[in-house]
>>> print(open('my_file-v7.cif').read())   # mmCIF, C-alpha atoms
data_protein
loop_
_atom_site.label_atom_id
_atom_site.label_comp_id
_atom_site.auth_asym_id
_atom_site.auth_seq_id
_atom_site.Cartn_x
_atom_site.Cartn_y
_atom_site.Cartn_z
CA ARG W 16 0.00 0.00 0.00
CA ARG W 17 1.14 3.42 -0.81
CA GLN W 18 1.72 5.92 2.10
CA PRO W 19 0.17 9.34 1.70
CA ARG W 20 2.84 12.01 1.10
CA PRO W 21 2.62 15.41 2.68
CA SER W 22 1.55 17.99 0.22
CA ARG W 23 4.05 20.32 -1.29
CA ALA W 24 2.29 23.29 0.33
CA ILE W 25 2.80 21.83 3.83
CA LEU W 26 6.52 21.28 3.19
CA LEU W 27 6.95 24.81 1.85
CA GLY W 28 5.04 26.23 4.82
CA ALA W 29 7.26 24.35 7.28
CA LEU W 30 10.36 25.55 5.44
CA ALA W 31 9.11 29.16 5.54
CA ILE W 32 8.46 28.94 9.29
CA ALA W 33 11.95 27.53 9.90
CA ALA W 34 13.54 30.25 7.75
CA ALA W 35 11.60 32.97 9.60
CA ALA W 36 12.68 31.57 12.97
CA LEU W 37 16.31 31.50 11.87
CA ALA W 38 16.04 35.06 10.53
CA VAL W 39 14.65 36.30 13.85
CA ARG W 40 17.49 34.56 15.70
CA THR W 41 20.03 36.17 13.36
CA VAL W 42 18.58 39.63 13.99
CA ILE W 43 18.79 39.04 17.76
CA ARG W 44 22.38 37.81 17.49
CA ASN W 45 23.38 40.75 15.29
CA THR W 46 21.91 43.11 17.88
CA GLU W 47 24.01 41.44 20.58
CA TYR W 48 27.12 41.88 18.43
CA SER W 49 26.33 45.45 17.36
CA SER W 50 28.96 46.97 19.67
CA PRO W 51 31.63 45.72 22.05
CA LEU W 52 29.73 47.26 24.98
CA ARG W 53 26.47 45.55 24.08
CA MET W 54 28.30 42.26 23.66
CA ALA W 55 29.98 42.68 27.05
CA ARG W 56 26.63 43.41 28.68
CA THR W 57 25.17 40.31 27.08
CA VAL W 58 28.04 38.23 28.50
CA LEU W 59 27.46 39.74 31.96
CA GLU W 60 23.72 38.98 31.79
CA ARG W 61 24.28 35.36 30.79
CA TRP W 62 27.41 34.54 32.77
CA PRO W 63 27.78 36.98 35.67
CA ASN W 64 31.32 36.73 37.01
CA ALA W 65 34.37 38.92 37.61
CA ASN W 66 35.61 38.62 34.03
CA ALA W 67 32.24 39.70 32.65
CA GLU W 68 32.18 42.68 35.04
CA TYR W 69 35.65 43.58 33.78
CA LEU W 70 34.49 43.42 30.15
CA VAL W 71 31.60 45.79 30.83
CA GLY W 72 33.75 48.15 32.91
CA ALA W 73 36.55 48.25 30.34
CA GLU W 74 34.12 48.87 27.48
CA LEU W 75 32.34 51.63 29.41
CA ALA W 76 35.69 53.29 30.14
CA ALA W 77 36.71 52.98 26.48
CA ALA W 78 33.39 54.52 25.44
CA GLY W 79 34.05 57.59 27.60
CA GLN W 80 31.69 56.55 30.38
CA ALA W 81 34.33 56.44 33.09
CA ARG W 82 32.05 57.08 36.07
CA GLU W 83 29.69 54.32 34.96
CA SER W 84 32.61 51.91 34.58
CA ILE W 85 33.88 52.21 38.16
CA PRO W 86 31.28 49.97 39.91
CA HIS W 87 31.86 47.22 37.34
CA LEU W 88 35.64 47.51 37.64
CA ARG W 89 35.49 47.45 41.43
CA ALA W 90 33.33 44.33 41.32
CA ALA W 91 35.73 42.74 38.84
CA ALA W 92 38.92 43.60 40.75
CA ALA W 93 38.10 41.20 43.56
CA GLY W 94 38.08 38.14 41.31
CA TYR W 95 40.03 39.24 38.25
CA PRO W 96 43.24 41.10 39.18
CA PRO W 97 43.92 42.65 35.72
CA ALA W 98 40.77 44.71 36.26
CA ARG W 99 42.80 46.71 38.78
CA VAL W 100 44.85 48.21 35.94
CA VAL W 101 41.81 49.64 34.17
CA LEU W 102 40.24 50.57 37.51
CA GLY W 103 43.39 52.40 38.62
CA THR W 104 43.93 54.26 35.37
CA THR W 105 40.26 55.21 35.14
CA LEU W 106 40.27 56.50 38.71
CA LEU W 107 43.41 58.52 37.97
CA ASP W 108 41.74 59.97 34.88
CA LEU W 109 38.79 60.98 37.07
CA GLY W 110 41.10 62.70 39.53
CA GLU W 111 40.68 60.11 42.27
CA THR W 112 44.43 59.83 42.69
CA ALA W 113 44.75 58.01 46.02
CA GLU W 114 42.38 55.20 45.08
CA GLY W 115 43.83 54.97 41.56
CA ILE W 116 47.37 54.67 42.90
CA ALA W 117 46.26 52.06 45.45
CA ALA W 118 44.66 49.90 42.73
CA LEU W 119 47.73 50.10 40.48
CA GLU W 120 50.17 49.52 43.36
CA ARG W 121 48.25 46.45 44.48
CA PHE W 122 48.18 45.02 40.97
CA ALA W 123 51.90 45.68 40.44
CA ARG W 124 52.66 44.00 43.76
CA ASP W 125 50.33 41.00 43.35
CA GLU W 126 50.95 40.39 39.64
CA PRO W 127 54.58 41.41 39.06
CA LEU W 128 55.06 39.63 35.74
CA GLY W 129 53.56 40.48 32.41
CA ARG W 130 52.66 43.41 30.26
CA PRO W 131 49.77 44.75 32.36
CA SER W 132 52.10 45.05 35.34
CA ARG W 133 54.60 47.04 33.31
CA ALA W 134 51.83 49.33 32.09
CA ALA W 135 50.79 49.87 35.71
CA HIS W 136 54.38 50.79 36.60
CA GLY W 137 54.49 53.31 33.76
CA ARG W 138 51.29 54.99 34.88
CA LEU W 139 52.42 55.00 38.52
CA ALA W 140 55.79 56.52 37.60
CA ASN W 141 54.17 59.37 35.70
CA THR W 142 51.57 59.93 38.42
CA TYR W 143 54.15 60.11 41.19
CA ALA W 144 56.42 62.36 39.11
CA ALA W 145 53.55 64.72 38.30
CA ALA W 146 52.83 64.99 42.02
CA GLY W 147 56.48 65.76 42.74
CA ASN W 148 57.07 62.46 44.55
CA PHE W 149 60.16 61.56 42.53
CA ALA W 150 61.49 59.03 45.05
CA ALA W 151 58.31 56.96 44.61
CA ALA W 152 58.48 57.37 40.82
CA LEU W 153 62.02 55.95 40.46
CA PRO W 154 61.32 52.22 40.98
CA HIS W 155 58.27 52.41 38.75
CA TYR W 156 60.23 54.04 35.92
CA ARG W 157 62.84 51.28 36.23
CA GLU W 158 60.25 48.52 36.12
CA TYR W 159 58.49 50.08 33.16
CA LEU W 160 61.74 50.61 31.24
CA ALA W 161 62.76 47.00 31.76
CA ALA W 162 60.05 46.12 29.23
CA HIS W 163 59.88 49.34 27.22
CA GLY W 164 63.52 50.28 26.75
CA ALA W 165 62.85 52.37 23.65
CA ASP W 166 60.43 54.75 25.40
CA ALA W 167 62.33 58.04 25.31
CA ALA W 168 59.75 59.87 27.42
CA ALA W 169 60.13 57.30 30.19
CA TRP W 170 63.93 57.63 30.08
CA THR W 171 63.52 61.39 30.37
CA GLY W 172 61.13 60.94 33.28
CA LEU W 173 63.61 58.61 35.00
CA ALA W 174 66.45 61.11 34.52
CA ILE W 175 64.34 63.96 35.90
CA ALA W 176 63.37 61.84 38.91
CA GLN W 177 67.02 60.97 39.48
CA VAL W 178 68.07 64.63 39.32
CA GLU W 179 65.26 65.61 41.68
CA THR W 180 66.31 62.94 44.21
CA GLY W 181 69.98 63.93 44.05
CA ALA W 182 71.26 61.11 41.85
CA ARG W 183 72.66 63.40 39.16
CA GLY W 184 75.38 60.94 38.13
CA GLU W 185 72.80 58.24 37.40
CA ALA W 186 70.71 60.76 35.49
CA VAL W 187 73.61 61.59 33.20
CA ASP W 188 74.20 57.90 32.50
#
>>> encode(input="my_file-v7.cif", output="structure tokens")
Amino acid sequence: RRQPRPSRAILLGALAIAAAALAVRTVIRNTEYSSPLRMARTVLERWPNANAEYLVGAELAAAGQARESIPHLRAAAAGYPPARVVLGTTLLDLGETAEGIAALERFARDEPLGRPSRAAHGRLANTYAAAGNFAAALPHYREYLAAHGADAAAWTGLAIAQVETGARGEAVD
């Protein structure tokens, strides 16, 4: 006996429904990927953790929304130490010097190896030098220059800090 076959109209209807569902899903996904900030917020909504908080905070800071980034970066710093670099630099940019320095100092102390640590040292060196605390700037310039030996501005900063702390001979070298 011959089995009845579904009509062509039913098959086309099912195919159209499937295509529409996939199109809707694509539109939703494209919306999620429309900007790095939106994508970071989507990650935080779906998988709330320190890294996701860091992503949102870093993207907010990059988008010029520094004040809005701080709560996310503070939440991230507890579980994801590299967040302290962005937190510290953002706080310094906002004029919250003491807390910014503390975040960068803690990161540099707790995570001494790697590029983010060297970046923290560079920012700390310049911050201390700008405040006239050249003795505090010296070790940070040295740490930064260990990784960025071609940075002429950092060498100049180190020499100025050495002159200001009385180490003129080292500054000349």
>>> residues_around(input="my_file-v7.cif", residues="stretch 36-47 of chain W", least_positions_apart="5", cutoff="9 Å", atoms="all atoms listed in the file", output="list in words")
Ala31, Arg53, Met54, Ala55, Arg56 and Thr57 of chain W
>>> atom_distance(input="my_file-v7.cif", atom1="atom CA of W:Val101", atom2="atom CA of W:Ala77")
9.8 Å
>>> residues_around(input="my_file-v7.cif", residues="W:Ala118", least_positions_apart="4", cutoff="9 Å", atoms="all atoms listed in the file", output="list in words")
Ala92, Arg99, Val100, Leu102, Gly103, Thr104, Leu106, Ala113, Glu114, Phe122 and Ala123 of chain W
>>> write_last_selection(input="my_file-v7.cif", atoms="C-alpha atoms", output="PDB file, in the coordinates of the input")
ATOM      1  CA  ALA W  92      38.920  43.600  40.750  1.00  0.00           C
ATOM      2  CA  ARG W  99      42.800  46.710  38.780  1.00  0.00           C
ATOM      3  CA  VAL W 100      44.850  48.210  35.940  1.00  0.00           C
ATOM      4  CA  LEU W 102      40.240  50.570  37.510  1.00  0.00           C
ATOM      5  CA  GLY W 103      43.390  52.400  38.620  1.00  0.00           C
ATOM      6  CA  THR W 104      43.930  54.260  35.370  1.00  0.00           C
ATOM      7  CA  LEU W 106      40.270  56.500  38.710  1.00  0.00           C
ATOM      8  CA  ALA W 113      44.750  58.010  46.020  1.00  0.00           C
ATOM      9  CA  GLU W 114      42.380  55.200  45.080  1.00  0.00           C
ATOM     10  CA  PHE W 122      48.180  45.020  40.970  1.00  0.00           C
ATOM     11  CA  ALA W 123      51.900  45.680  40.440  1.00  0.00           C
TER      12      ALA W 123
END
>>> closest_residue(input="my_file-v7.cif", among="W:Pro51, W:Pro127, W:Pro96, W:Pro154", to="W:Ala140", atoms="all atoms listed in the file")
W:Pro154
>>> resolve_selection(input="my_file-v7.cif", expression="the PyMOL selection byres ((chain W and resi 76) around 12)", output="MDAnalysis selection string")
chainID W and resid 51:52 69:75 77:88 98 100:106 108:109
>>> closest_residue(input="my_file-v7.cif", among="W:Thr142, W:Pro63, W:Ala29, W:Gly181", to="W:Gly110", atoms="all atoms listed in the file")
W:Thr142
>>> residues_near_point(input="my_file-v7.cif", point="(71.8, 61.1, 32.2)", cutoff="12 Å", atoms="all atoms listed in the file", output="VMD selection string")
chain W and resid 170 to 178 182 to 188
>>> write_last_selection(input="my_file-v7.cif", atoms="C-alpha atoms", output="CSV table (one decimal), in the frame of the given file")
chain,number,residue,atom,x,y,z
W,170,TRP,CA,63.9,57.6,30.1
W,171,THR,CA,63.5,61.4,30.4
W,172,GLY,CA,61.1,60.9,33.3
W,173,LEU,CA,63.6,58.6,35.0
W,174,ALA,CA,66.4,61.1,34.5
W,175,ILE,CA,64.3,64.0,35.9
W,176,ALA,CA,63.4,61.8,38.9
W,177,GLN,CA,67.0,61.0,39.5
W,178,VAL,CA,68.1,64.6,39.3
W,182,ALA,CA,71.3,61.1,41.8
W,183,ARG,CA,72.7,63.4,39.2
W,184,GLY,CA,75.4,60.9,38.1
W,185,GLU,CA,72.8,58.2,37.4
W,186,ALA,CA,70.7,60.8,35.5
W,187,VAL,CA,73.6,61.6,33.2
W,188,ASP,CA,74.2,57.9,32.5
